[in-house]
file upload30.tsv (TSV, C-alpha atoms)
chain	number	residue	atom	x	y	z
A	1	MET	CA	98.02	112.97	70.64
A	2	ILE	CA	99.54	112.84	74.12
A	3	ARG	CA	99.00	116.57	74.47
A	4	SER	CA	95.26	116.21	73.74
A	5	ILE	CA	94.99	113.34	76.24
A	6	ILE	CA	96.68	115.46	78.91
A	7	GLN	CA	94.40	118.40	78.13
A	8	SER	CA	91.36	116.13	78.36
A	9	LEU	CA	92.52	114.74	81.71
A	10	ILE	CA	93.15	118.23	83.08
A	11	PHE	CA	89.70	119.31	81.91
A	12	LEU	CA	88.11	116.24	83.53
A	13	ILE	CA	89.96	116.83	86.81
A	14	LEU	CA	88.88	120.46	86.79
A	15	ILE	CA	85.22	119.51	86.29
A	16	VAL	CA	85.33	116.92	89.09
A	17	PHE	CA	87.07	119.39	91.41
A	18	LEU	CA	84.56	122.18	90.72
A	19	TRP	CA	81.60	119.82	91.21
A	20	GLY	CA	83.07	118.58	94.49
A	21	CYS	CA	83.61	122.12	95.82
A	22	ALA	CA	80.06	123.22	95.12
A	23	LYS	CA	77.41	123.34	97.80
A	24	HIS	CA	75.02	120.47	97.34
A	25	GLN	CA	71.37	121.40	97.81
A	26	VAL	CA	69.49	118.81	99.87
A	27	LYS	CA	65.89	118.25	98.74
A	28	PRO	CA	64.31	116.12	101.48
A	29	THR	CA	61.64	113.55	100.63
A	30	PRO	CA	61.06	111.66	103.89
A	31	PRO	CA	59.48	108.21	103.79
A	32	SER	CA	56.09	107.66	105.38
A	33	ILE	CA	56.08	107.19	109.13
A	34	ASP	CA	54.98	103.76	110.26
A	35	ASP	CA	55.21	104.01	114.03
A	36	ASN	CA	53.02	102.28	116.59
A	37	SER	CA	53.64	105.12	119.04
A	38	LEU	CA	51.52	107.50	116.97
A	39	PRO	CA	48.06	108.14	118.40
A	40	LYS	CA	45.05	106.72	116.63
A	41	PHE	CA	42.93	109.75	115.90
A	42	ARG	CA	39.22	109.48	116.51
A	43	ASP	CA	36.39	111.78	115.54
A	44	ILE	CA	38.50	113.90	113.19
A	45	ILE	CA	36.78	114.41	109.87
A	46	SER	CA	39.16	116.81	108.15
A	47	VAL	CA	42.21	118.99	108.78
A	48	ALA	CA	43.88	121.70	106.70
A	49	VAL	CA	47.66	121.20	106.70
A	50	GLU	CA	49.72	123.88	105.01
A	51	PRO	CA	53.00	125.79	105.13
A	52	SER	CA	52.89	128.86	107.34
A	53	ALA	CA	52.22	132.08	105.44
A	54	ASN	CA	54.69	134.96	105.51
A	55	GLN	CA	57.63	132.63	105.51
A	56	GLN	CA	60.85	134.13	104.21
A	57	THR	CA	63.03	131.52	102.52
A	58	ARG	CA	66.29	130.83	104.33
A	59	GLN	CA	69.22	128.62	103.42
A	60	PHE	CA	70.62	126.52	106.24
A	61	ASP	CA	74.26	125.51	105.85
A	62	LEU	CA	74.85	121.97	107.00
A	63	CYS	CA	78.00	119.93	107.50
A	64	SER	CA	80.84	119.69	105.08
A	65	ALA	CA	83.66	117.23	104.61
A	66	GLY	CA	86.59	118.24	102.49
A	67	ALA	CA	85.26	119.87	99.36
A	68	HIS	CA	81.69	118.63	99.88
A	69	SER	CA	79.28	120.93	101.67
A	70	TYR	CA	75.53	120.76	101.97
A	71	GLN	CA	72.65	123.17	102.50
A	72	VAL	CA	68.88	122.95	102.69
A	73	SER	CA	66.21	125.60	102.26
A	74	SER	CA	63.51	126.38	104.81
A	75	ASP	CA	60.91	125.97	102.05
A	76	ASP	CA	62.07	122.44	101.21
A	77	LEU	CA	62.07	121.46	104.90
A	78	THR	CA	58.63	122.99	105.46
A	79	ASN	CA	57.11	121.33	102.39
A	80	ALA	CA	58.55	117.96	103.36
A	81	ALA	CA	57.13	118.30	106.89
A	82	VAL	CA	53.72	119.27	105.47
A	83	GLU	CA	53.68	116.08	103.39
A	84	VAL	CA	54.72	113.89	106.32
A	85	ILE	CA	51.97	115.35	108.54
A	86	ARG	CA	49.42	114.88	105.77
A	87	ASP	CA	50.53	111.24	105.35
A	88	VAL	CA	50.17	110.57	109.09
A	89	LEU	CA	46.67	112.04	109.13
A	90	ARG	CA	45.59	110.22	105.94
A	91	SER	CA	46.84	106.93	107.35
A	92	ASN	CA	44.42	107.54	110.24
A	93	GLY	CA	41.49	108.12	107.89
A	94	VAL	CA	41.53	111.92	108.22
A	95	LYS	CA	40.62	113.91	105.11
A	96	ILE	CA	43.04	116.72	104.15
A	97	ASP	CA	40.84	119.70	103.23
A	98	SER	CA	42.08	123.28	102.82
A	99	ASN	CA	38.62	124.54	103.92
A	100	SER	CA	38.59	122.62	107.19
A	101	VAL	CA	37.93	124.36	110.51
A	102	LYS	CA	40.83	122.45	112.06
A	103	ARG	CA	44.08	123.94	110.75
A	104	ILE	CA	47.76	123.07	111.17
A	105	ARG	CA	50.45	125.35	109.75
A	106	ILE	CA	54.12	124.41	109.64
A	107	LEU	CA	57.31	126.45	109.46
A	108	ALA	CA	60.88	125.11	109.41
A	109	ILE	CA	62.81	127.50	111.65
A	110	ASP	CA	66.22	125.84	111.89
A	111	SER	CA	68.38	123.05	110.56
A	112	LYS	CA	71.98	122.46	111.43
A	113	CYS	CA	74.72	119.92	111.71
A	114	GLY	CA	77.66	119.48	114.04
A	115	LEU	CA	80.47	116.99	114.41
A	116	GLU	CA	80.20	115.09	117.71
A	117	LYS	CA	82.34	112.14	118.74
A	118	MET	CA	83.15	111.06	115.17
A	119	THR	CA	79.53	111.35	113.99
A	120	TYR	CA	77.58	114.11	112.30
A	121	ARG	CA	74.57	115.17	114.40
A	122	TYR	CA	71.77	116.80	112.43
A	123	THR	CA	68.93	118.82	113.96
A	124	THR	CA	65.77	120.20	112.37
A	125	LYS	CA	63.34	122.41	114.26
A	126	LEU	CA	59.74	122.87	113.13
A	127	ARG	CA	57.27	125.44	114.43
A	128	ILE	CA	53.73	124.11	114.49
A	129	PHE	CA	50.68	126.37	114.66
A	130	ALA	CA	47.46	124.54	115.53
A	131	GLY	CA	44.37	126.69	115.27
A	132	ASP	CA	44.72	130.28	116.36
A	133	SER	CA	46.20	129.77	119.81
A	134	ILE	CA	48.70	126.91	119.80
A	135	LYS	CA	52.29	127.59	118.73
A	136	LYS	CA	54.94	125.02	119.60
A	137	ASP	CA	58.42	124.06	118.41
A	138	PHE	CA	59.44	120.44	117.86
A	139	SER	CA	62.90	119.16	117.02
A	140	GLY	CA	64.20	116.04	115.40
A	141	TYR	CA	67.74	114.68	115.74
A	142	ARG	CA	69.77	112.13	113.83
A	143	SER	CA	73.41	111.12	113.99
A	144	VAL	CA	75.15	109.54	111.03
A	145	GLY	CA	78.68	108.38	110.43
A	146	HIS	CA	79.42	110.23	107.22
A	147	VAL	CA	78.53	113.57	105.67
A	148	PHE	CA	77.39	111.77	102.49
A	149	SER	CA	74.35	110.61	104.52
A	150	THR	CA	73.10	114.20	104.81
A	151	SER	CA	69.86	113.70	102.83
A	152	PHE	CA	68.91	110.63	104.85
A	153	ALA	CA	69.73	112.37	108.15
A	154	ILE	CA	67.66	115.46	107.31
A	155	GLU	CA	64.70	113.30	106.25
A	156	MET	CA	64.85	111.39	109.53
A	157	THR	CA	65.02	114.64	111.56
A	158	ILE	CA	61.83	115.81	109.86
A	159	ASN	CA	60.09	112.51	110.65
A	160	GLN	CA	61.20	112.65	114.28
A	161	ALA	CA	59.97	116.25	114.69
A	162	VAL	CA	56.59	115.19	113.25
A	163	LEU	CA	56.47	112.22	115.63
A	164	GLU	CA	57.10	114.61	118.54
A	165	THR	CA	54.30	116.85	117.25
A	166	PHE	CA	51.77	114.02	117.34
A	167	LYS	CA	52.90	112.93	120.81
A	168	ASP	CA	52.03	116.38	122.16
A	169	ARG	CA	48.80	116.18	124.15
A	170	GLN	CA	47.73	119.76	123.37
A	171	ILE	CA	48.07	119.22	119.60
A	172	VAL	CA	46.21	115.89	119.71
A	173	ASP	CA	43.44	117.36	121.88
A	174	TYR	CA	43.04	120.30	119.48
A	175	LEU	CA	42.64	117.91	116.54
A	176	GLN	CA	40.18	115.62	118.33
A	177	ASN	CA	37.97	118.20	120.02

call {"tool": "encode", "arguments": {"input": "upload30.tsv", "output": "structure tokens"}}
result
Amino acid sequence: MIRSIIQSLIFLILIVFLWGCAKHQVKPTPPSIDDNSLPKFRDIISVAVEPSANQQTRQFDLCSAGAHSYQVSSDDLTNAAVEVIRDVLRSNGVKIDSNSVKRIRILAIDSKCGLEKMTYRYTTKLRIFAGDSIKKDFSGYRSVGHVFSTSFAIEMTINQAVLETFKDRQIVDYLQN
């Protein structure tokens, strides 16, 4: 009886240890952006918003604490950014149409984490292609107090990079003209 209890406890400890040592895949799902600093788009009927073609999937290793480590894929970051941009445009009455003349393509090119002054600082960098001639990089940053806030921090970096995108005069002019 005691032997079976000990075996069960050892098995349970082993499972918990192995789960804790695994890399945790972050799947970002950022909330909608409700920010008064976003421009109010005028005269935009429709925009195509899509992930950039020819994107090779990359895994970005993020922070770790003890046995917990996190990573995120470029595809998951890109898809989350696409959805945030679509939400911002829809909230401004813009139709998302894959056949539109106006086209925005998104590519997540980097995501990382570093320990700074007792906080974890996360960065995500997006490359935005607007039309055929505009190519710009925008970054979002977020500091959090604990590595267990990784999903939240990554989601907020995506939102901040999108906010920076829509504050860019060249991007806004392309969409409105």

call {"tool": "axis_aligned_box", "arguments": {"input": "upload30.tsv", "around": "segment 159-170 of chain A", "padding_each_side": "3 Å", "output": "JSON"}}
result
{"center_x": 54.5, "center_y": 116.0, "center_z": 117.4, "size_x": 19.5, "size_y": 13.5, "size_z": 19.5}

call {"tool": "closest_residue", "arguments": {"input": "upload30.tsv", "among": "A:Ile109, A:Tyr174, A:Lys117, A:Ala48", "to": "Asp75 of chain A", "atoms": "all atoms listed in the file"}}
result
A:Ile109

call {"tool": "closest_residue", "arguments": {"input": "upload30.tsv", "among": "A:Ala130, A:Cys63, A:Val82, A:Ile106", "to": "Val144 of chain A", "atoms": "all atoms listed in the file"}}
result
A:Cys63

call {"tool": "residues_around", "arguments": {"input": "upload30.tsv", "residues": "Asn79 of chain A", "least_positions_apart": "6", "cutoff": "9 Å", "atoms": "all atoms listed in the file", "output": "list in words"}}
result
Pro28, Glu50, Pro51, Ile106, Leu107 and Ala108 of chain A

call {"tool": "closest_atom_pairs", "arguments": {"input": "upload30.tsv", "of": "segment 54-159 of chain A", "to": "segment 164-173 of chain A", "cutoff": "10 Å", "atoms": "all atoms listed in the file", "output": "Markdown table"}}
result
| residue | atom | partner | partner_atom | distance |
| --- | --- | --- | --- | --- |
| A:Ile85 | CA | A:Phe166 | CA | 8.9 |
| A:Val88 | CA | A:Phe166 | CA | 9.1 |
| A:Leu89 | CA | A:Phe166 | CA | 9.9 |
| A:Ile104 | CA | A:Ile171 | CA | 9.3 |
| A:Leu126 | CA | A:Thr165 | CA | 9.1 |
| A:Arg127 | CA | A:Thr165 | CA | 9.5 |
| A:Ile128 | CA | A:Thr165 | CA | 7.8 |
| A:Phe129 | CA | A:Ile171 | CA | 9.1 |
| A:Ala130 | CA | A:Ile171 | CA | 6.7 |
| A:Gly131 | CA | A:Ile171 | CA | 9.4 |
| A:Ile134 | CA | A:Ile171 | CA | 7.7 |
| A:Lys135 | CA | A:Ile171 | CA | 9.4 |
| A:Lys136 | CA | A:Thr165 | CA | 8.5 |
| A:Asp137 | CA | A:Thr165 | CA | 8.4 |
| A:Phe138 | CA | A:Thr165 | CA | 6.3 |
| A:Ser139 | CA | A:Glu164 | CA | 7.5 |
| A:Gly140 | CA | A:Glu164 | CA | 7.9 |
| A:Ile158 | CA | A:Glu164 | CA | 10.0 |
| A:Asn159 | CA | A:Glu164 | CA | 8.7 |

call {"tool": "closest_residue", "arguments": {"input": "upload30.tsv", "among": "A:Asp35, A:Asp87, A:Asp61, A:Asp110", "to": "Thr157 of chain A", "atoms": "all atoms listed in the file"}}
result
A:Asp110

call {"tool": "residues_around", "arguments": {"input": "upload30.tsv", "residues": "Val26 of chain A", "least_positions_apart": "2", "cutoff": "12 Å", "atoms": "only C-alpha atoms", "output": "PyMOL selection string"}}
result
chain A and resi 23-24+28-30+59-63+69-77+80+111+147-155

call {"tool": "atom_distance", "arguments": {"input": "upload30.tsv", "atom1": "atom CA of Leu38 of chain A", "atom2": "atom CA of Lys102 of chain A"}}
result
19.0 Å

call {"tool": "closest_residue", "arguments": {"input": "upload30.tsv", "among": "A:Met156, A:Asn92, A:Ala53, A:Ala67", "to": "Pro31 of chain A", "atoms": "only C-alpha atoms"}}
result
A:Met156

call {"tool": "residues_around", "arguments": {"input": "upload30.tsv", "residues": "Asn99 of chain A", "least_positions_apart": "2", "cutoff": "10 Å", "atoms": "only C-alpha atoms", "output": "PyMOL selection string"}}
result
chain A and resi 46-48+96-97+101-103

call {"tool": "atom_distance", "arguments": {"input": "upload30.tsv", "atom1": "atom CA of Val49 of chain A", "atom2": "atom CA of Lys27 of chain A"}}
result
20.1 Å

call {"tool": "atom_distance", "arguments": {"input": "upload30.tsv", "atom1": "atom CA of Gln176 of chain A", "atom2": "atom CA of Ile44 of chain A"}}
result
5.7 Å

call {"tool": "residues_around", "arguments": {"input": "upload30.tsv", "residues": "Asp43 of chain A", "least_positions_apart": "3", "cutoff": "9 Å", "atoms": "all atoms listed in the file", "output": "VMD selection string"}}
result
chain A and resid 94 175 to 177

call {"tool": "write_last_selection", "arguments": {"input": "upload30.tsv", "atoms": "C-alpha atoms", "output": "mmCIF file, in the coordinates of the input"}}
result
data_model
loop_
_atom_site.group_PDB
_atom_site.id
_atom_site.type_symbol
_atom_site.label_atom_id
_atom_site.label_comp_id
_atom_site.auth_asym_id
_atom_site.auth_seq_id
_atom_site.Cartn_x
_atom_site.Cartn_y
_atom_site.Cartn_z
ATOM 1 C CA VAL A 94 41.530 111.920 108.220
ATOM 2 C CA LEU A 175 42.640 117.910 116.540
ATOM 3 C CA GLN A 176 40.180 115.620 118.330
ATOM 4 C CA ASN A 177 37.970 118.200 120.020
#

call {"tool": "closest_residue", "arguments": {"input": "upload30.tsv", "among": "A:Gln160, A:Glu116, A:Lys95, A:Arg105", "to": "Asn54 of chain A", "atoms": "only C-alpha atoms"}}
result
A:Arg105

call {"tool": "residues_near_point", "arguments": {"input": "upload30.tsv", "point": "(50.5, 103.2, 109.7)", "cutoff": "7 Å", "atoms": "all atoms listed in the file", "output": "PyMOL selection string"}}
result
chain A and resi 33-35+91
